[in-house]
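Reading through the structure tokens given below for one structure.
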Amino acid sequence: MKKAVLLFSLILGLSAIGLRAQTAEDIIAKSINATGGIEKIKGLNSIKMTGNYVMMGMEFPFTVFSKRPLMTRIESTIQGMSMIQAYDGTTAWGVNPFMGSKEPEVMPEDQAKDIIERADYDGDFVDYKAKGHTIEFVGKDEMEGSPVFKLKVTKKSGDVSVYFIDAENYLQIKVVSKTKIQGTETEAEMVFGNYKPVAGVQIPHSIETRVGGKTVSQVVIEKAEPNIAIENSIFVMPKKK
């Protein structure tokens with residue numbers, strides 16, 4: 001009798017695991033479809049976005065250039081000084097005059113990791129297995145009174161993020177990740193809103209970052225230009241003068 005009970009419990013456990021994996025795949029597929037579908041997403045070969053970044057009561061403009069495969073460049077102006085963060089598919093580099101130099105420098109590993117992830121504008125769901133990520137369904141929840149699905153993404157690097165997917169329209173509305181701020185690991189939330197179609201792809205035009213439940217920064221995209229000509233040279237670190 002005990003063996004029969006144990007066997008029945010084992011079968012139920014294996015069935016639950018299979019159901020969870022299938023549910024995760026279903027949510028991922030629906031989220032990709034809601035975003036515009038795999039063809040539209042991969043058809044976005046380049047994009048230029050301009051807008052404003054708000055942090056600590058200050059507002060300053062930014063421009064982001066992104067291009068396949070895995071190239072990105074972020075330009076911003078703060079107090080009249082220009083900052084650059086870029087990745088050419090091999091080297092992550094930047095210019096930060098607030099650190100006492102206007103010369104381009106190779107980024108430290110922890111900063112490089114962030115810009116490299118930004119270069120993959122397809123996101124974590126598209127081709128996640130090929131990227132070495134694993135994704136599992138970890139339950140349902142509520143966010144501001146609306147039901148959401150939660151997906152746990154464990155990246156190839158070992159980093160873990162939890163995505164909150166709107167249960168009605170399947171768009172991503174929040175991601176919770178561990179991040180390092182001044183050497184200290186902190187849990188940060190990124191909340192996505194004001195989705196607008198860009199070449200058939202739904203892109204959030206408002207991104208709010210929260211730490212400890214408090215808003216620390218906000219990105220507002222004012223203009224997005226898809227599939228424009230962008231020279232590869234702008235992503236490459238220039239030689240020092």
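All residue names refer to the structure tokens as shown: chains lettered A, B, ... in order, residues numbered from 1 in each chain, ligands numbered from 1 in order.
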Practice item. Show which residues sit within 10 Å of Pro61 in chain A, as a PyMOL selection string. Count only C-alpha atoms, and ignore same-chain residues fewer than 3 positions away. Key: chain A and resi 50-54+75-78+219-221
Review point. Ile203 in chain A: which residues within 9 Å, counting only C-alpha atoms, same-chain residues fewer than 2 positions away excluded, as a PyMOL selection string?
Key: chain A and resi 35+193-198+201+205
Would you mind exporting N, CA and C atoms of the selected residues as a PDB file, in the first residue's frame?
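To be explicit, this is the file written out as result_38.pdb:
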ATOM      1  N   THR A  35       4.213  40.887 -28.238  1.00  0.00           N
ATOM      2  CA  THR A  35       5.204  41.927 -28.505  1.00  0.00           C
ATOM      3  C   THR A  35       5.270  42.268 -29.988  1.00  0.00           C
ATOM      4  N   GLY A 193       6.032  50.657 -19.065  1.00  0.00           N
ATOM      5  CA  GLY A 193       4.713  51.203 -19.370  1.00  0.00           C
ATOM      6  C   GLY A 193       4.702  51.973 -20.675  1.00  0.00           C
ATOM      7  N   ASN A 194       3.529  52.482 -21.042  1.00  0.00           N
ATOM      8  CA  ASN A 194       3.332  53.279 -22.249  1.00  0.00           C
ATOM      9  C   ASN A 194       3.888  52.569 -23.485  1.00  0.00           C
ATOM     10  N   TYR A 195       3.417  51.338 -23.703  1.00  0.00           N
ATOM     11  CA  TYR A 195       3.852  50.572 -24.879  1.00  0.00           C
ATOM     12  C   TYR A 195       3.334  51.221 -26.157  1.00  0.00           C
ATOM     13  N   LYS A 196       4.214  51.289 -27.165  1.00  0.00           N
ATOM     14  CA  LYS A 196       3.836  51.806 -28.476  1.00  0.00           C
ATOM     15  C   LYS A 196       4.474  50.919 -29.547  1.00  0.00           C
ATOM     16  N   PRO A 197       3.776  50.722 -30.680  1.00  0.00           N
ATOM     17  CA  PRO A 197       4.353  49.896 -31.746  1.00  0.00           C
ATOM     18  C   PRO A 197       5.436  50.646 -32.522  1.00  0.00           C
ATOM     19  N   VAL A 198       6.552  49.962 -32.711  1.00  0.00           N
ATOM     20  CA  VAL A 198       7.655  50.494 -33.517  1.00  0.00           C
ATOM     21  C   VAL A 198       7.994  49.432 -34.550  1.00  0.00           C
ATOM     22  N   VAL A 201       6.617  46.228 -33.532  1.00  0.00           N
ATOM     23  CA  VAL A 201       7.094  45.663 -32.266  1.00  0.00           C
ATOM     24  C   VAL A 201       6.674  46.580 -31.112  1.00  0.00           C
ATOM     25  N   HIS A 205       7.735  52.831 -23.734  1.00  0.00           N
ATOM     26  CA  HIS A 205       8.319  54.164 -23.856  1.00  0.00           C
ATOM     27  C   HIS A 205       8.499  54.825 -22.488  1.00  0.00           C
TER      28      HIS A 205
END
Point to revise | Selection near range 133-150 of chain A, 6 Å with only C-alpha atoms, sequence-local residues under 3 positions removed, as a list in words | key: Arg20, Ala24, Tyr128, Lys129, Val153, Thr154, Lys155, Lys156, Tyr163, Phe164, Ile165, Asp166 and Ala167 of chain A
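Taking the backbone of this structure through DSSP, the residues of range 87-217 of chain A that come out as alpha helix (DSSP H) are A:Glu109, A:Asp110, A:Gln111, A:Ala112, A:Lys113, A:Asp114, A:Ile115, A:Ile116, A:Glu117, A:Arg118, A:Ala119.
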Dump C-alpha atoms for the selected residues as a tab-separated table (two decimals), in the first residue's frame?
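Output (part.tsv):
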chain	number	residue	atom	x	y	z
A	109	GLU	CA	33.66	43.97	-15.92
A	110	ASP	CA	30.61	44.81	-13.76
A	111	GLN	CA	29.71	47.83	-15.93
A	112	ALA	CA	30.44	45.97	-19.16
A	113	LYS	CA	27.98	43.25	-18.19
A	114	ASP	CA	25.11	45.73	-18.14
A	115	ILE	CA	25.84	47.33	-21.52
A	116	ILE	CA	26.36	43.92	-23.15
A	117	GLU	CA	22.91	42.81	-21.94
A	118	ARG	CA	21.38	46.03	-23.29
A	119	ALA	CA	22.87	45.24	-26.71
Exercise for review: Would you mind telling me which residue in A:Val216, A:Ile38, A:Met58, A:Met83 lies nearest to Val95 in chain A when using only C-alpha atoms?
Suggested key: A:Met83
Point to revise | Counting only C-alpha atoms, the option among A:Thr184, A:Ser157, A:Lys42, A:Met56 closest to Asp127 in chain A | key: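 Using only C-alpha atoms, the shortest distance to Asp127 in chain A belongs to A:Lys42.
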Check your understanding: Which residues, written as a VMD selection string, have at least one atom at most 9 Å from range 120-123 of chain A, with only C-alpha atoms counted and residues fewer than 5 positions away on the same chain left out?
Key -> chain A and resid 41 to 42 44 66 to 72 128
Store the residues of this selection in a file with C-alpha atoms, as a PDB file, in the first residue's frame.
ATOM      1  CA  ILE A  41      11.103  41.311 -33.610  1.00  0.00           C
ATOM      2  CA  LYS A  42      13.933  39.867 -35.693  1.00  0.00           C
ATOM      3  CA  LEU A  44      14.044  45.125 -36.313  1.00  0.00           C
ATOM      4  CA  SER A  66      21.304  49.754 -31.400  1.00  0.00           C
ATOM      5  CA  LYS A  67      22.072  47.414 -34.275  1.00  0.00           C
ATOM      6  CA  ARG A  68      22.373  43.715 -34.951  1.00  0.00           C
ATOM      7  CA  PRO A  69      24.293  41.751 -34.020  1.00  0.00           C
ATOM      8  CA  LEU A  70      24.770  42.946 -30.420  1.00  0.00           C
ATOM      9  CA  MET A  71      25.931  46.531 -30.930  1.00  0.00           C
ATOM     10  CA  THR A  72      24.772  49.507 -28.897  1.00  0.00           C
ATOM     11  CA  TYR A 128      16.495  31.830 -24.660  1.00  0.00           C
TER      12      TYR A 128
END
Exercise for review: Based on DSSP run over this structure's backbone, return all residues of range 108-217 of chain A in strand (DSSP E), as a PyMOL selection string.
Suggested key: chain A and resi 134-143+146-154+160-166+172-181+184-198+201-211+214-217
**Study point:** Residues near Ser177 in chain A, cut-off 10 Å, only C-alpha atoms, skip fewer than 5 positions along chain, as a PyMOL selection string
**Key:** chain A and resi 153+159-163+186-190
Check your understanding: Which value, in Å to one decimal, gives the distance between CA of Tyr87 in chain A and CA of Gly43 in chain A?
Key ->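 Interatomic distance, CA of Tyr87 in chain A to CA of Gly43 in chain A: 20.9 Å.
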Point to revise | Long-range neighbours of Met237 in chain A as a list in words, 8 Å cut-off, only C-alpha atoms, 3 positions minimum in chain | key: Ala86, Asp88, Thr91, Trp93, Gly94, Pro104 and Ile234 of chain A
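With only C-alpha atoms as the atoms that count, the minimum distance from Asn96 in chain A to the choices A:Pro108, A:Met81, A:Asn33, A:Ile173 is reached by A:Met81.
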Write out as a PDB file with N, CA and C atoms, in the first residue's frame each polymer residue whose atoms come within 9 Å of Ile28 in chain A, counting only C-alpha atoms; drop sequence neighbours fewer than 5 positions from it.
ATOM      1  N   THR A  23       3.581  25.287 -19.177  1.00  0.00           N
ATOM      2  CA  THR A  23       2.976  26.583 -18.902  1.00  0.00           C
ATOM      3  C   THR A  23       3.965  27.703 -19.179  1.00  0.00           C
ATOM      4  N   ASN A  33       4.512  36.735 -29.021  1.00  0.00           N
ATOM      5  CA  ASN A  33       3.474  37.059 -30.002  1.00  0.00           C
ATOM      6  C   ASN A  33       2.843  38.415 -29.712  1.00  0.00           C
ATOM      7  N   PHE A 125      13.580  36.449 -23.596  1.00  0.00           N
ATOM      8  CA  PHE A 125      12.696  35.363 -24.008  1.00  0.00           C
ATOM      9  C   PHE A 125      13.036  34.811 -25.388  1.00  0.00           C
ATOM     10  N   VAL A 126      13.414  35.667 -26.307  1.00  0.00           N
ATOM     11  CA  VAL A 126      13.696  35.240 -27.682  1.00  0.00           C
ATOM     12  C   VAL A 126      14.957  34.381 -27.731  1.00  0.00           C
ATOM     13  N   ILE A 135      14.147  29.068 -18.132  1.00  0.00           N
ATOM     14  CA  ILE A 135      12.990  29.843 -17.693  1.00  0.00           C
ATOM     15  C   ILE A 135      11.963  28.903 -17.086  1.00  0.00           C
ATOM     16  N   LEU A 151       7.630  34.596 -14.283  1.00  0.00           N
ATOM     17  CA  LEU A 151       8.595  33.693 -14.897  1.00  0.00           C
ATOM     18  C   LEU A 151       9.990  33.987 -14.340  1.00  0.00           C
ATOM     19  N   TYR A 170      -0.311  39.803 -22.038  1.00  0.00           N
ATOM     20  CA  TYR A 170       0.962  39.068 -22.103  1.00  0.00           C
ATOM     21  C   TYR A 170       2.186  39.949 -22.379  1.00  0.00           C
TER      22      TYR A 170
END
Review point. With only C-alpha atoms as the basis for distance, which of A:Ser206, A:Gly200, A:Lys223, A:Lys240 is at the shortest distance from Lys40 in chain A?
Key: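 Answer, going by the shortest atom-to-atom distance: A:Gly200.
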